[in-house]
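Peer 1: Structure provided below as structure tokens; questions to follow.
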Amino acid sequence: MARMKFLCDVERCIECNACVTACKNENEVPWGVNRRRVVTINDGSPGERSMSVACMHCSDAPCAAVCPVDCFYYTDDGVVLHDKDICIGCGYCFYACPFGAPQFPQDGAFGSRGKMDKCTFCAGGPEEDNSPEEHAKYGSNRLAEGKLPLCAEMCATKALLAGDGDTVADIYRERVTWRGSSGIGWGWGVAYGKAGLREGKAIEGKATGGE
Amino acid sequence: MSNNKQSRIRHHRMVVFSLLSLVVLTLVLPLIPYAIAELGETAGNVANPGTEYWRDVRQRDRIVTGTTQVRGVDTDVLINVTGEEWRQFRMGQLAPYGAIVLGVMVGILVVYYLVRGKIRIEAGRSGERVRRYTSAEMTVHWILAITFVLLALSGLILIYGRWVLIPLLGDAGFSATATASKVIHNYGGLLFAAIVPVAFFLYLKDSLFNLKVDAKWFLRAGGYLGGEEPSAEKVNAGQKAWYWVAMLGGFVLVASGLVLDFPNIFQQGREWLQGAHVIHTIVAIGVIVFFFVHLYLATIGVEGALESITSGHVDANWAKQHHDLWYKELQTGQGGGSASEEPSMSGGSHAGGVASPIAKD
Ligand code: HEM
Ligand code: SF4
Ligand code: SF4
């Protein structure tokens, strides 16, 4: 049985926000909600890195643990989903989530936030697969159609990977063996070409080279 | 002979020496590469940007926020480092220990009732009624009491409903209950916030500790655990303690509750909400525990107590037994230091000043 995972290769992410846009469009998420976002650390200085982040579908999910109405469930693929009919919009999942994944359509005056919305790994919700009800509440159910999340499919640099954990790990391992680990080698030539294999010093002079 | 002995000693020395050096070498040799890495100009000295990056992501050494195109609270934070701590607090400490503390208190009260029973008016009812509370004091008490109970109940439902009510009501049924609890809690909180300051000033004067009397009361535990009932003013030391717990606790609950209730005003982030929740719930459990004692003593614990806050009057013998100093003051017409110091025993209706002294009907 597959165990679905996201991985964002920070050596590749170029902060183009295509994943964010693809997700918003594919799932027609409520106004004010972004299921995915790209965060850049050290923006504008050497060592700048961007990462696309959404729900990571935790094995021991903090959101599911704290939910007062226990509305989360795990699919056989390890995807963490929730039932909007049960959710009371208390916000506790947002307090607990390590990745800031749960989002709310309202601003929270008097604690009214509306139903929580988050990344579903393009796997919909408890309603019948690809029914209009499911689509209205949770967006697409691409997994039911045999497809993977659109964000990763859209990613131009293939920084964002989504799929069975073993396959994702194999792809990433291959990249790391090729370019050297731990970000010493970074930049176009290292990521795509044959330059700089395990030689941090060799990429000196590149605009985006390691410090 | 001696030659032989000497060579044997030398032999022993050599064995001991080689064993020692063997031990020392096995310990030291593996360290040599580390020493070289530490001292030499090798890869170990090059700062690894990848490592630094992940340290920043996990916020190991400093709080790191990034930049993002997505607008919203905390969207520029990659990892919410306190989220898991808050989860451990709520699920691992608040829920279980809160249940234990509340349960133990209920247990103590049940056992106390079984052992001690209702505390009777020893001399029986005299039939003489003494005014104890004004209508303002009664009204504020009941607004406070009703909002408090609603808030406490709805709050406890949010914590414990998952275990207690979902098995009874089902997922959808409990969702409706929880939604109602949340609405009651989040709007009822405003009423509570408005009434707490009123109550604070209304009951303040009677609730200031009088060390001479109150220390003795505490030392004898109010006579509840045996022995003679100590002297008390209009409000005994235990009731004063409850006033301070409820009022100071109330202020903390209001302040932390409002932080939770209006995340839109200051756009306060998760750390504020988590912190406010921790303070809010610890204080809430604490105040509810004291509330149980108050509820017990005011209803089934002490005969003749409840009518003071429903009718405003108590029986004279009740007053004599539980609040002797206050009763004496009424007799001598000092009116408990009240602002409206009228002669006592004026009978019938009475101008309802704060802490008004006496009325007999
Ligand atoms: C001005 C007064 C108060 C306000 C504004 C307030 C507000 C809140 C808010 C916003 C929450 C989060 C729950 C949610 O959003 O659904 C909460 C939780 C809670 N409150 Fe209050 N509250 C107030 C007074 C009280 C009082 C008087 C008590 C009890 C004596 C209390 C006990 C609780 C409890 C037990 C929780 C549950 C926390 C959890 O589920 O982990 N609150 N309160
Ligand atoms: S919402 Fe957050 S806590 Fe829940 S599974 Fe997703 S990443 Fe984990
Ligand atoms: S907001 Fe909804 S999903 Fe999140 S913890 Fe509250 S009830 Fe559960």
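In the structure tokens, the first chain shown is A, the next is B, and so on; residue numbers restart at 1 for each chain, and ligands run from 1 in the order shown.
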Output the contact residues of chain A with respect to chain B at a cut-off of 8 Å, based on only C-alpha atoms, as number ranges by chain.
Peer 2: A: 34, 37-43, 47, 49, 53, 62, 65-66, 68-71, 85-88, 90, 94-100, 107-111, 182-184, 210-211
Peer 1: Using DSSP on the backbone coordinates, identify the residues of stretch 10-204 of chain A assigned to helix (DSSP H, G or I); present them as a count of residues only.
Peer 2: 62
Peer 1: Check stretch 13-207 of chain A with DSSP on the backbone and list each residue it calls strand (DSSP E or B), as a tab-separated table (two decimals) with C-alpha atoms, in the first residue's frame.
Peer 2:
chain	number	residue	atom	x	y	z
A	37	ARG	CA	2.22	28.62	0.26
A	38	VAL	CA	5.85	29.26	-0.60
A	39	VAL	CA	8.06	30.66	2.14
A	40	THR	CA	11.47	32.13	1.41
A	41	ILE	CA	14.08	32.32	4.13
A	49	ARG	CA	16.08	29.19	-0.03
A	50	SER	CA	12.40	28.80	-0.82
A	51	MET	CA	10.12	25.99	0.17
A	52	SER	CA	6.59	25.16	-0.82
A	53	VAL	CA	4.59	23.94	2.15
A	72	PHE	CA	-10.20	13.83	11.00
A	73	TYR	CA	-9.54	10.48	9.40
A	74	TYR	CA	-6.68	8.77	7.58
A	80	VAL	CA	-5.15	13.07	6.44
A	81	LEU	CA	-8.66	14.28	5.61
A	82	HIS	CA	-11.44	15.88	7.62
A	103	GLN	CA	-6.93	27.65	7.06
A	117	ASP	CA	-10.02	24.02	4.97
A	123	ALA	CA	-8.10	13.40	-2.37
A	141	ASN	CA	-10.37	14.20	-5.93
A	160	LEU	CA	7.85	19.75	-5.41
A	161	LEU	CA	7.34	16.01	-5.50
A	162	ALA	CA	4.16	14.20	-4.52
A	163	GLY	CA	3.38	10.53	-4.57
A	164	ASP	CA	4.22	7.25	-2.93
Peer 1: Which residue is closest to B:His141? Choose from B:Leu153, B:Ala199, B:Leu191, B:Val164 and count only C-alpha atoms.
Peer 2: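 Nearest candidate to B:His141 out of B:Leu153, B:Ala199, B:Leu191, B:Val164: B:Ala199.
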Peer 1: Can you list, as a list in words, every protein, DNA or RNA residue that comes within 9 Å of A:Pro105 when you count only C-alpha atoms, leaving out same-chain residues fewer than 4 positions away?
Peer 2: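 Contacts, with the query itself left out: Pro30, Trp31, Gly32, Val33, Arg113, Gly114, Lys115, Met116 and Asp117 of chain A.
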Peer 1: If we count only C-alpha atoms and set the cut-off at 10 Å, which residues sit around A:Lys5, ignoring sequence neighbours fewer than 2 positions away in its own chain? Please answer as a PDB file with all heavy atoms, in the first residue's frame.
Peer 2:
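And here's out-v2.pdb as it stands now:
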ATOM      1  N   ALA A   2       0.511   2.152  -0.874  1.00  0.00           N
ATOM      2  CA  ALA A   2       1.316   3.377  -0.986  1.00  0.00           C
ATOM      3  C   ALA A   2       1.154   4.235   0.256  1.00  0.00           C
ATOM      4  O   ALA A   2       0.107   4.214   0.906  1.00  0.00           O
ATOM      5  CB  ALA A   2       0.867   4.153  -2.218  1.00  0.00           C
ATOM      6  N   ARG A   3       2.211   4.993   0.579  1.00  0.00           N
ATOM      7  CA  ARG A   3       2.120   5.966   1.648  1.00  0.00           C
ATOM      8  C   ARG A   3       2.444   7.310   0.997  1.00  0.00           C
ATOM      9  O   ARG A   3       3.589   7.573   0.645  1.00  0.00           O
ATOM     10  CB  ARG A   3       3.120   5.588   2.736  1.00  0.00           C
ATOM     11  CG  ARG A   3       3.144   6.342   4.092  1.00  0.00           C
ATOM     12  CD  ARG A   3       2.245   7.471   4.220  1.00  0.00           C
ATOM     13  NE  ARG A   3       2.271   8.062   5.554  1.00  0.00           N
ATOM     14  CZ  ARG A   3       1.999   9.337   5.749  1.00  0.00           C
ATOM     15  NH1 ARG A   3       1.741  10.143   4.742  1.00  0.00           N
ATOM     16  NH2 ARG A   3       1.985   9.821   6.965  1.00  0.00           N
ATOM     17  N   LEU A   7       7.384  16.200  -0.958  1.00  0.00           N
ATOM     18  CA  LEU A   7       8.745  16.594  -0.637  1.00  0.00           C
ATOM     19  C   LEU A   7       9.052  17.824  -1.469  1.00  0.00           C
ATOM     20  O   LEU A   7       8.763  17.847  -2.670  1.00  0.00           O
ATOM     21  CB  LEU A   7       9.740  15.470  -0.967  1.00  0.00           C
ATOM     22  CG  LEU A   7      11.189  15.702  -0.542  1.00  0.00           C
ATOM     23  CD1 LEU A   7      11.858  14.389  -0.171  1.00  0.00           C
ATOM     24  CD2 LEU A   7      12.002  16.401  -1.633  1.00  0.00           C
ATOM     25  N   CYS A  55      -0.236  20.967   3.925  1.00  0.00           N
ATOM     26  CA  CYS A  55      -0.409  19.856   4.862  1.00  0.00           C
ATOM     27  C   CYS A  55       0.548  18.739   4.477  1.00  0.00           C
ATOM     28  O   CYS A  55       0.652  18.367   3.315  1.00  0.00           O
ATOM     29  CB  CYS A  55      -1.845  19.352   4.813  1.00  0.00           C
ATOM     30  SG  CYS A  55      -2.097  17.842   5.767  1.00  0.00           S
ATOM     31  N   MET A  56       1.271  18.206   5.454  1.00  0.00           N
ATOM     32  CA  MET A  56       2.231  17.135   5.184  1.00  0.00           C
ATOM     33  C   MET A  56       1.664  15.750   5.509  1.00  0.00           C
ATOM     34  O   MET A  56       2.373  14.758   5.472  1.00  0.00           O
ATOM     35  CB  MET A  56       3.527  17.377   5.964  1.00  0.00           C
ATOM     36  CG  MET A  56       4.249  18.647   5.544  1.00  0.00           C
ATOM     37  SD  MET A  56       4.758  18.619   3.813  1.00  0.00           S
ATOM     38  CE  MET A  56       6.398  17.923   3.962  1.00  0.00           C
ATOM     39  N   HIS A  57       0.394  15.699   5.867  1.00  0.00           N
ATOM     40  CA  HIS A  57      -0.298  14.428   6.103  1.00  0.00           C
ATOM     41  C   HIS A  57       0.474  13.556   7.087  1.00  0.00           C
ATOM     42  O   HIS A  57       0.892  12.439   6.785  1.00  0.00           O
ATOM     43  CB  HIS A  57      -0.579  13.740   4.764  1.00  0.00           C
ATOM     44  CG  HIS A  57      -1.392  14.627   3.868  1.00  0.00           C
ATOM     45  ND1 HIS A  57      -2.755  14.762   3.998  1.00  0.00           N
ATOM     46  CD2 HIS A  57      -1.022  15.521   2.917  1.00  0.00           C
ATOM     47  CE1 HIS A  57      -3.190  15.666   3.134  1.00  0.00           C
ATOM     48  NE2 HIS A  57      -2.163  16.147   2.476  1.00  0.00           N
ATOM     49  N   CYS A  58       0.627  14.142   8.277  1.00  0.00           N
ATOM     50  CA  CYS A  58       1.400  13.522   9.359  1.00  0.00           C
ATOM     51  C   CYS A  58       0.871  12.132   9.721  1.00  0.00           C
ATOM     52  O   CYS A  58      -0.325  11.874   9.649  1.00  0.00           O
ATOM     53  CB  CYS A  58       1.331  14.380  10.618  1.00  0.00           C
ATOM     54  SG  CYS A  58       1.699  16.115  10.368  1.00  0.00           S
ATOM     55  N   ASP A  77      -4.056   5.499   1.997  1.00  0.00           N
ATOM     56  CA  ASP A  77      -2.804   6.001   1.433  1.00  0.00           C
ATOM     57  C   ASP A  77      -2.055   6.895   2.412  1.00  0.00           C
ATOM     58  O   ASP A  77      -1.078   7.552   2.036  1.00  0.00           O
ATOM     59  CB  ASP A  77      -3.091   6.815   0.164  1.00  0.00           C
ATOM     60  CG  ASP A  77      -3.636   5.952  -0.950  1.00  0.00           C
ATOM     61  OD1 ASP A  77      -3.243   4.774  -1.002  1.00  0.00           O
ATOM     62  OD2 ASP A  77      -4.439   6.457  -1.752  1.00  0.00           O
ATOM     63  N   GLY A  78      -2.540   6.990   3.641  1.00  0.00           N
ATOM     64  CA  GLY A  78      -1.868   7.838   4.624  1.00  0.00           C
ATOM     65  C   GLY A  78      -2.187   9.305   4.470  1.00  0.00           C
ATOM     66  O   GLY A  78      -1.476  10.152   4.995  1.00  0.00           O
ATOM     67  N   VAL A  79      -3.259   9.630   3.733  1.00  0.00           N
ATOM     68  CA  VAL A  79      -3.652  11.026   3.572  1.00  0.00           C
ATOM     69  C   VAL A  79      -4.574  11.414   4.736  1.00  0.00           C
ATOM     70  O   VAL A  79      -5.456  10.632   5.109  1.00  0.00           O
ATOM     71  CB  VAL A  79      -4.380  11.236   2.226  1.00  0.00           C
ATOM     72  CG1 VAL A  79      -4.880  12.675   2.106  1.00  0.00           C
ATOM     73  CG2 VAL A  79      -3.452  10.897   1.070  1.00  0.00           C
ATOM     74  N   PHE A 121      -4.367  16.566  -0.327  1.00  0.00           N
ATOM     75  CA  PHE A 121      -3.534  15.762  -1.232  1.00  0.00           C
ATOM     76  C   PHE A 121      -4.345  15.440  -2.491  1.00  0.00           C
ATOM     77  O   PHE A 121      -4.216  14.377  -3.083  1.00  0.00           O
ATOM     78  CB  PHE A 121      -3.053  14.464  -0.562  1.00  0.00           C
ATOM     79  CG  PHE A 121      -1.726  13.979  -1.079  1.00  0.00           C
ATOM     80  CD1 PHE A 121      -0.536  14.462  -0.558  1.00  0.00           C
ATOM     81  CD2 PHE A 121      -1.662  13.039  -2.101  1.00  0.00           C
ATOM     82  CE1 PHE A 121       0.690  14.014  -1.028  1.00  0.00           C
ATOM     83  CE2 PHE A 121      -0.433  12.584  -2.589  1.00  0.00           C
ATOM     84  CZ  PHE A 121       0.741  13.082  -2.045  1.00  0.00           C
ATOM     85  N   LEU A 161       7.667  17.377  -5.120  1.00  0.00           N
ATOM     86  CA  LEU A 161       7.342  16.014  -5.498  1.00  0.00           C
ATOM     87  C   LEU A 161       6.180  15.522  -4.648  1.00  0.00           C
ATOM     88  O   LEU A 161       6.090  15.847  -3.474  1.00  0.00           O
ATOM     89  CB  LEU A 161       8.546  15.088  -5.274  1.00  0.00           C
ATOM     90  CG  LEU A 161       9.847  15.505  -5.975  1.00  0.00           C
ATOM     91  CD1 LEU A 161      10.993  14.598  -5.548  1.00  0.00           C
ATOM     92  CD2 LEU A 161       9.670  15.451  -7.488  1.00  0.00           C
ATOM     93  N   ALA A 162       5.279  14.753  -5.276  1.00  0.00           N
ATOM     94  CA  ALA A 162       4.163  14.199  -4.524  1.00  0.00           C
ATOM     95  C   ALA A 162       3.909  12.799  -5.039  1.00  0.00           C
ATOM     96  O   ALA A 162       3.943  12.557  -6.246  1.00  0.00           O
ATOM     97  CB  ALA A 162       2.906  15.048  -4.709  1.00  0.00           C
ATOM     98  N   GLY A 163       3.660  11.885  -4.132  1.00  0.00           N
ATOM     99  CA  GLY A 163       3.376  10.526  -4.565  1.00  0.00           C
ATOM    100  C   GLY A 163       3.749   9.534  -3.486  1.00  0.00           C
ATOM    101  O   GLY A 163       3.953   9.905  -2.325  1.00  0.00           O
ATOM    102  N   ASP A 164       3.853   8.288  -3.884  1.00  0.00           N
ATOM    103  CA  ASP A 164       4.223   7.254  -2.932  1.00  0.00           C
ATOM    104  C   ASP A 164       5.590   7.570  -2.330  1.00  0.00           C
ATOM    105  O   ASP A 164       6.550   7.873  -3.048  1.00  0.00           O
ATOM    106  CB  ASP A 164       4.250   5.901  -3.649  1.00  0.00           C
ATOM    107  CG  ASP A 164       4.659   4.796  -2.696  1.00  0.00           C
ATOM    108  OD1 ASP A 164       4.483   4.985  -1.471  1.00  0.00           O
ATOM    109  OD2 ASP A 164       5.152   3.761  -3.168  1.00  0.00           O
ATOM    110  N   GLY A 165       5.667   7.496  -1.023  1.00  0.00           N
ATOM    111  CA  GLY A 165       6.885   7.863  -0.314  1.00  0.00           C
ATOM    112  C   GLY A 165       8.134   7.180  -0.840  1.00  0.00           C
ATOM    113  O   GLY A 165       9.194   7.806  -0.951  1.00  0.00           O
ATOM    114  N   ASP A 166       8.025   5.910  -1.201  1.00  0.00           N
ATOM    115  CA  ASP A 166       9.206   5.191  -1.666  1.00  0.00           C
ATOM    116  C   ASP A 166       9.724   5.773  -2.979  1.00  0.00           C
ATOM    117  O   ASP A 166      10.923   5.965  -3.165  1.00  0.00           O
ATOM    118  CB  ASP A 166       8.875   3.702  -1.875  1.00  0.00           C
ATOM    119  CG  ASP A 166       8.622   3.005  -0.553  1.00  0.00           C
ATOM    120  OD1 ASP A 166       9.049   3.574   0.483  1.00  0.00           O
ATOM    121  OD2 ASP A 166       7.990   1.935  -0.556  1.00  0.00           O
ATOM    122  N   THR A 167       8.806   6.069  -3.888  1.00  0.00           N
ATOM    123  CA  THR A 167       9.207   6.621  -5.176  1.00  0.00           C
ATOM    124  C   THR A 167       9.800   8.016  -5.001  1.00  0.00           C
ATOM    125  O   THR A 167      10.839   8.351  -5.583  1.00  0.00           O
ATOM    126  CB  THR A 167       7.976   6.701  -6.111  1.00  0.00           C
ATOM    127  OG1 THR A 167       7.253   5.487  -6.006  1.00  0.00           O
ATOM    128  CG2 THR A 167       8.394   6.960  -7.524  1.00  0.00           C
ATOM    129  N   VAL A 168       9.142   8.825  -4.193  1.00  0.00           N
ATOM    130  CA  VAL A 168       9.644  10.173  -3.938  1.00  0.00           C
ATOM    131  C   VAL A 168      11.045  10.098  -3.346  1.00  0.00           C
ATOM    132  O   VAL A 168      11.958  10.813  -3.755  1.00  0.00           O
ATOM    133  CB  VAL A 168       8.684  10.925  -2.985  1.00  0.00           C
ATOM    134  CG1 VAL A 168       9.318  12.209  -2.477  1.00  0.00           C
ATOM    135  CG2 VAL A 168       7.364  11.228  -3.682  1.00  0.00           C
ATOM    136  N   ALA A 169      11.228   9.181  -2.402  1.00  0.00           N
ATOM    137  CA  ALA A 169      12.530   9.040  -1.762  1.00  0.00           C
ATOM    138  C   ALA A 169      13.588   8.607  -2.770  1.00  0.00           C
ATOM    139  O   ALA A 169      14.720   9.104  -2.753  1.00  0.00           O
ATOM    140  CB  ALA A 169      12.444   8.035  -0.618  1.00  0.00           C
TER     141      ALA A 169
END
Peer 1: Select, from B:Ala305, B:Leu168, B:Met247, B:Ala316, the residue with the minimum atom-to-atom distance to B:Ser126, counting only C-alpha atoms.
Peer 2: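 Smallest distance to B:Ser126 is found for B:Ala316.
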Peer 1: So what do you get for atom CA of B:Gly257 versus atom CA of B:Ala276, distance-wise?
Peer 2: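 That distance, rounded to one decimal, is 7.2 Å.
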